[in-house]
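Have a look at the structure below, then the notes.
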Number of protein chains: 2
Amino acid sequence: MIRATEDQEFYELTSPTLLPKASGFLWNEKMMIHMNCRGYAVAQFMQPEPAKYSHAPNLEAKTFMQPEQPYYAHHPGRFVFVKDEESGEIFSAPYEPVRVPADSYTFAAGKSSIHWKVECHGVRVEMSLRLTKDEPMELWRVKVTNLSSAARRLSVYPYFTVGYMSWMNQSGEYNADLQAIICSSITPYQKYKDYYTIKNFADKTYLLAERKPAAWEVNHEAFEGEGGIMRPSALASEELAGGDARYETPVCALQYRVRLAPGEAEDYRFIFGPAHDEQEIEAIRSRMFGPSGTEGADGFALAETEYDAYVREGRGCIEIATPDPGLDNFVNHWLPRQMYYHGQTNRLSTDPQTRNYLQDNMGMSYIKPQTARNSFLVALAQQKASGAMPDGIILHPDAELKYINQVPHTDHCVWLPVCLSTYLDETGDYALLDEKVPFADDEREASVYEHIDLAMRWLIGDRDERGLNYINQGDWCDPMNMVGYKGKGVSGWLTIATAYAFKVWADICQASGRESAAREYRLEAERTNEAANVHFWDGEWYARGITDDNVRFGIRTDTEGRIFVNPQGWSLLSGAADAEKQAKLIRAVEEQLESPYGVEKLAPSFTAMREDVGRVTQKHPGSAENGAVYNHAAAFYIYALYAVGEADNAYRLLRKMLPGPSMEDIVQRGQLPVFIPNYYRGAYRQFPRTAGRSSHLFNTGTVPWVYRCLIDGLFGVQGTAEGIRIQPQLPSGWNEARLKREFRGAVLQIEIRREPGATETEVYVDGALAPDGLIRDVRPKAEYRVQVVIPAARKEIL
Amino acid sequence: MIRATEDQEFYELTSPTLLPKASGFLWNEKMMIHMNCRGYAVAQFMQPEPAKYSHAPNLEAKTFMQPEQPYYAHHPGRFVFVKDEESGEIFSAPYEPVRVPADSYTFAAGKSSIHWKVECHGVRVEMSLRLTKDEPMELWRVKVTNLSSAARRLSVYPYFTVGYMSWMNQSGEYNADLQAIICSSITPYQKYKDYYTIKNFADKTYLLAERKPAAWEVNHEAFEGEGGIMRPSALASEELAGGDARYETPVCALQYRVRLAPGEAEDYRFIFGPAHDEQEIEAIRSRMFGPSGTEGADGFALAETEYDAYVREGRGCIEIATPDPGLDNFVNHWLPRQMYYHGQTNRLSTDPQTRNYLQDNMGMSYIKPQTARNSFLVALAQQKASGAMPDGIILHPDAELKYINQVPHTDHCVWLPVCLSTYLDETGDYALLDEKVPFADDEREASVYEHIDLAMRWLIGDRDERGLNYINQGDWCDPMNMVGYKGKGVSGWLTIATAYAFKVWADICQASGRESAAREYRLEAERTNEAANVHFWDGEWYARGITDDNVRFGIRTDTEGRIFVNPQGWSLLSGAADAEKQAKLIRAVEEQLESPYGVEKLAPSFTAMREDVGRVTQKHPGSAENGAVYNHAAAFYIYALYAVGEADNAYRLLRKMLPGPSMEDIVQRGQLPVFIPNYYRGAYRQFPRTAGRSSHLFNTGTVPWVYRCLIDGLFGVQGTAEGIRIQPQLPSGWNEARLKREFRGAVLQIEIRREPGATETEVYVDGALAPDGLIRDVRPKAEYRVQVVIPAARKEIL
């Protein structure tokens, strides 16, 4: 069974085998932990680059976060073994590594905590995990209850993996004074200059126990013995042997021996994380397990409460009640949470890709606009005086551009007006445009307006003689790296996106009183759309680009990569596509790209290298960018459908982005609906068995675009320079919806009702008709009651 | 039990749990495989950099070969599951992953093959592995015999792990035409230029079966199911489900169903390895399983025979029969094999460290002197016109200096005369000195003599005003990287080693008729020794160096790193130490560095960073360079003891380098005596529990020095410019020894006998006394009978 709890604070799963990769995740600005329902964990903390304190059993590659994470027997995890001291029977909670089927099992992925309740052999084990609001540490509670009718003698073994810490130096031992297992290591390095970086690393991993254990084991090999990971030999002894690890793989294993009367329970609390030294661990012990100054709570409990509050700050600006409870739950609870995660952590990167950074902060406009504002200024201060934006935004003085940020992409400027517009819509803070910001390569300061103007001019300049934008080694699609690396290839999507950026920027200019600039950019948008129509329209849809060798691709005659979604959606927004083209390309997307799991990024997936297109064609068919349901692109397409009034079409695709509602669908995706993954496996027509599977990667630009689909599209509650325009686009199957919209400090209680007699949308504010649906001069702290009447069968009217 | 087989071709182990990390290794110039007795494997092939075709279950770091390799449940390996179709009982050979204790178990690590014989549940499984002589592929035989008195219905499942091939693209499927599981992947890359490298990679992994299987499984998750790695669920079904892997972890699992009468057996053969494409695999199938042209043998059997012959070429130049059978076995069989491995593979590196490359080829002088000759020329062609040698020798046009070779070290020039002298001793080929060789940074050519002369002058120039050699970021000890990086610190070892290099070079000059140069270098050696005695002698031993801040270290007053072995041994050779100093430092080494497992590199091991010494002080105490029994350094010390006539002392330490003879000793080391590892864990006085453990890493400069200990020291059969000098230094406990010495095409049958009445060593060649023990004008193809009489209690006479 899979279900949302009644208070909608958790998603629950009642079997560890139904969705073996189901997971929840928690974060603060110092760390992230992705907990699998079976007990496996992927955790990272920042120092300042992402680092681990619970490692794989071998030397792992340092890399960006990988999709479709493989698990294996010795994968890092957090487990509790339970042994009946009389019968010798053992099981482990949550499920790994012993894999004894439980009598009852619940995994609950919550917003600020993750819980398990496992009943097996007449014993209940409850486990919970929280973080603190600002430190890299895990707060664990374990409760063991005797469910049987007789007294039981049990051994309870918390078992937290540490893994292969370092080839240079690793060890571990039990510190009786601190009641902690402390594992030490030194991060390997070879060049002496790196010493000054690694010397300050938190290279210790500790498990701190509130209660004194009866015994412990720190040596992984000794713990496991010949019994193996599924039946560790150490559990056969009355007590763990108390070994240490000396350049051996360490583990944090404790043993508590307890006699429980029927119904009796025992509670334990633990802290697990990285540290610099014993002093730090000692300070944590005294702070967390000592009195907190708050009555009745110690530091541990207080930290839990504070963490709950910290996560709760990530509320969105709408609360909805619609005929679709799955949507309500996701939008009211999980979507803003995921958006907030992005805004707070920048994906645990010190050099987020520029487009990601801008879009993540676009989402933050709905939650903490001040953070978004500051971030836009940070990004613009890294712009070159030429107007060019860098590939990544450096967030830490020691950071450098890594991985894909070392490959030049040409689209970053586009995102400036596109993302800023949301911030302006939401806040009306046009004063931002006059803020002065420096350049990366020039001392002089310029206003935000001038910065973005330069960015737009950079886009105008970075074109060929046909007026088409160069792609260089990639645009939004990272691995389309060989279309234009020789300096000639152009991007269909980027050309169209540039037109859209001009249009958005023209609107911003207009709204901020810069009318001649607005006119100029509207003209530029038109010219760009014209060029796009001349060179990219392929008869039924837009081509994806033209290579260095002047070969158009993403067209009818291609057998693979025949159609790409991105140029289609953006042409709806840029105005390139007239009504006839709109109808054609919408049909083409539906016929060729839509699958039961959403809109694929391109189809058919490439199955062999196309050297004039590049790396995307070598990726696994249906994975990542090569034909996946790439939700970021799909969300943008949905947004574009709303922009042209395709409400039913848009809603159908939006709904496919969330797993469910059917159990089969959730199982095929393999993920609880607590986040939108960056992709679902695509290539539906080529590889149906695997299509729809979640990447399990929650870092994605998708979420703010889904939010914009709701705000600007479905519920039509988008801000404007003057106020807020109410213009819902409910799917034709809905007759009503209610929402609470927070906007510039005010609260709007909005009821939308479909009336068979109505011929057009009418908006009443506190009983009075608002012409054009526009509510002007929204007063902070005021509350408005808004009634919206929408006509029946809106689509037919169109 | 652990024993050498009667023919001494194998070392056998009869339990998988006694030495869980015991292993054998096989190689050719394209690959290396390190097979663990329990079925785990570490294999690499060259394309041109080391690559894998059987991966870890996660994204592994690319790195140099690691010591003390950790194993874990899903570690790559080669296994055979056997299921009784009636009872459903399963076990796996060799032992992992099921871990059923066998009724009988033998692991036999051989020179050109590795074998297992496992009896369990009334079934015998025999497995053998060979390579081919020149391709990256594994040749496996599996034989299954019914040992019970009733007919048996069995399922036999070869299970070869493939692991996580690539985050970019991975898949696998069964190819019925080829009877092969073929797993495909694309090596991940992000920069388009890297495409041109990876496009030619052999990114497929195949398991090719001679006999058609009844069923197969390619999907690792499907194979394992909820049963887990120790009890895969797929084995519960009558037949494997025949799945594929689509961006899922692949595995090569086959199923053979067989009915065996009592005593009946079934044979299988498989090929496992990397390939570029199906065509290549098809060609391998037809070549290996088709007729070979040799009567009665197919390609597979022929390849096995050829591989045996290929490995057999690696014979040494002595065969010994002494009172120590363990030594005989190791020296006659395993030592030259390990030396040959180094000479043939250059440690599977495209940029071996210069000192390693020179020493590995020093060893090759005893086996294939022509290879050594060519390699010296290759190295010298990469010398700069300044005389400086690079940190690594580039062996492939695409190679670059990696890892530690990016850190500047100052000792490389020292190794030129030291290593060359062995080649000259062995061949008398002084003509090599007149070969013309270019420079790395200069078109002009110079003779080998001039090259080495420049190297010696570079050493003279790279000194401070005291005449002490700068250490920069390291010398022979890689991680002593902060002693002199500011440009002032000097090395005690390197200064003394330079004196020794001058002395060796003076001898070469003398022998090649360059007498004035010989005089000059003798004088330089003397001057250098004097400086060393002034600045490094600490009263009882030599200091290790003086830091940038003019702090002497490796001295009495240091509490950690008080004494280092390298300056001591080399001072015996360079002549720095007079008789009194010799006696003192030999005693200091014995008291402070000698352990039951050999001589430690330094003591006490550092337990905390010493910033003015560097990284070595951060390594795990007792591991690698920080206080390990670093066999390379230990072998050199033993060599030096022979040089000053300390025969008993030298032999005692030499014998500690080989595990055994006691079972306790072998078990503590954890390794069969089929190779000398680069280190045994040290810090014996600080961490006795782990001291003595083998690193299990067989890449080491130790082996040619052990060979030189035997040739130049123990048996005293060293070549000279004129011939060969017979001057044995048997330990006082031995009264006789025999050896066959091959030398410049001749064979010397040597008998050494201790005679109570003799007062000095007398050498008789074919009955005639050879004055000074020197045999001149050795004739190729001639055989000499040499009688050597040595005095009793040689040590007392000294």
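In the structure tokens, chains take letters A, B, ... by order of appearance, with residues numbered from 1 within each chain and ligands from 1 in the order shown.
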
Check: which chain B residues lie within 6 Å of chain A using only C-alpha atoms, as a list in words: Leu59, Glu60, Ala61, Met168, Asn169, Lys619 and His620 of chain B

Write out, as an mmCIF file, in the first residue's frame, the residues just selected, with all heavy atoms.
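Below is the file that was written, result_5.cif:
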data_model
loop_
_atom_site.group_PDB
_atom_site.id
_atom_site.type_symbol
_atom_site.label_atom_id
_atom_site.label_comp_id
_atom_site.auth_asym_id
_atom_site.auth_seq_id
_atom_site.Cartn_x
_atom_site.Cartn_y
_atom_site.Cartn_z
ATOM 1 N N LEU B 59 30.038 3.655 -8.908
ATOM 2 C CA LEU B 59 31.000 4.420 -9.698
ATOM 3 C C LEU B 59 32.330 4.438 -8.953
ATOM 4 O O LEU B 59 32.471 5.090 -7.924
ATOM 5 C CB LEU B 59 30.455 5.845 -9.808
ATOM 6 C CG LEU B 59 30.735 6.624 -11.053
ATOM 7 C CD1 LEU B 59 30.261 5.881 -12.281
ATOM 8 C CD2 LEU B 59 30.028 7.957 -10.977
ATOM 9 N N GLU B 60 33.303 3.731 -9.473
ATOM 10 C CA GLU B 60 34.596 3.633 -8.792
ATOM 11 C C GLU B 60 35.524 4.757 -9.211
ATOM 12 O O GLU B 60 35.519 5.174 -10.368
ATOM 13 C CB GLU B 60 35.265 2.317 -9.172
ATOM 14 C CG GLU B 60 35.172 1.254 -8.121
ATOM 15 C CD GLU B 60 36.102 0.096 -8.456
ATOM 16 O OE1 GLU B 60 36.190 -0.277 -9.642
ATOM 17 O OE2 GLU B 60 36.727 -0.427 -7.543
ATOM 18 N N ALA B 61 36.355 5.182 -8.290
ATOM 19 C CA ALA B 61 37.365 6.178 -8.637
ATOM 20 C C ALA B 61 38.428 5.534 -9.509
ATOM 21 O O ALA B 61 38.778 4.379 -9.322
ATOM 22 C CB ALA B 61 38.002 6.731 -7.373
ATOM 23 N N MET B 168 26.522 6.762 -18.360
ATOM 24 C CA MET B 168 26.078 7.387 -19.607
ATOM 25 C C MET B 168 25.219 6.441 -20.427
ATOM 26 O O MET B 168 24.198 6.846 -20.997
ATOM 27 C CB MET B 168 27.299 7.836 -20.400
ATOM 28 C CG MET B 168 26.967 8.920 -21.380
ATOM 29 S SD MET B 168 28.427 9.770 -21.971
ATOM 30 C CE MET B 168 28.157 9.581 -23.724
ATOM 31 N N ASN B 169 25.648 5.198 -20.498
ATOM 32 C CA ASN B 169 24.945 4.252 -21.347
ATOM 33 C C ASN B 169 25.416 2.861 -20.977
ATOM 34 O O ASN B 169 26.608 2.573 -21.079
ATOM 35 C CB ASN B 169 25.269 4.544 -22.825
ATOM 36 C CG ASN B 169 24.379 3.781 -23.794
ATOM 37 O OD1 ASN B 169 23.860 2.722 -23.468
ATOM 38 N ND2 ASN B 169 24.203 4.331 -24.982
ATOM 39 N N LYS B 619 50.158 9.591 6.722
ATOM 40 C CA LYS B 619 49.706 8.266 6.296
ATOM 41 C C LYS B 619 49.406 7.411 7.521
ATOM 42 O O LYS B 619 49.875 7.683 8.626
ATOM 43 C CB LYS B 619 50.771 7.629 5.419
ATOM 44 C CG LYS B 619 50.882 8.321 4.058
ATOM 45 C CD LYS B 619 51.444 7.404 3.022
ATOM 46 C CE LYS B 619 50.972 7.772 1.641
ATOM 47 N NZ LYS B 619 51.353 6.747 0.656
ATOM 48 N N HIS B 620 48.634 6.375 7.330
ATOM 49 C CA HIS B 620 48.275 5.529 8.465
ATOM 50 C C HIS B 620 49.533 4.929 9.081
ATOM 51 O O HIS B 620 50.366 4.397 8.358
ATOM 52 C CB HIS B 620 47.322 4.429 8.036
ATOM 53 C CG HIS B 620 46.691 3.748 9.207
ATOM 54 N ND1 HIS B 620 45.498 4.141 9.737
ATOM 55 C CD2 HIS B 620 47.130 2.748 9.997
ATOM 56 C CE1 HIS B 620 45.202 3.404 10.784
ATOM 57 N NE2 HIS B 620 46.178 2.548 10.970
#

Who sits within 8 Å of range 361-367 of chain A, only C-alpha atoms, same chain under 5 positions skipped, as a count of residues only: 23

Exercise: range 290-294 of chain B partners within 12 Å, only C-alpha atoms, chain neighbours under 6 positions left out, as a ChimeraX atom specification: /B:210,282-284,300-305

Cα RMSD of chain A after least-squares fit onto chain B, all atoms paired in order: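 Between chain B and chain A, the C-alpha RMSD is 0.0 Å.
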
Residue among A:Ala525, A:Val717, A:Leu573, A:Val490 lying closest to Asp549 in chain A, counting only C-alpha atoms: A:Val490

Long-range neighbours of Ser574 in chain A as a PyMOL selection string, 12 Å cut-off, only C-alpha atoms, 3 positions minimum in chain: chain A and resi 418+493-506+522+524-530+532-533+567-571+577-578+582+640+643-644
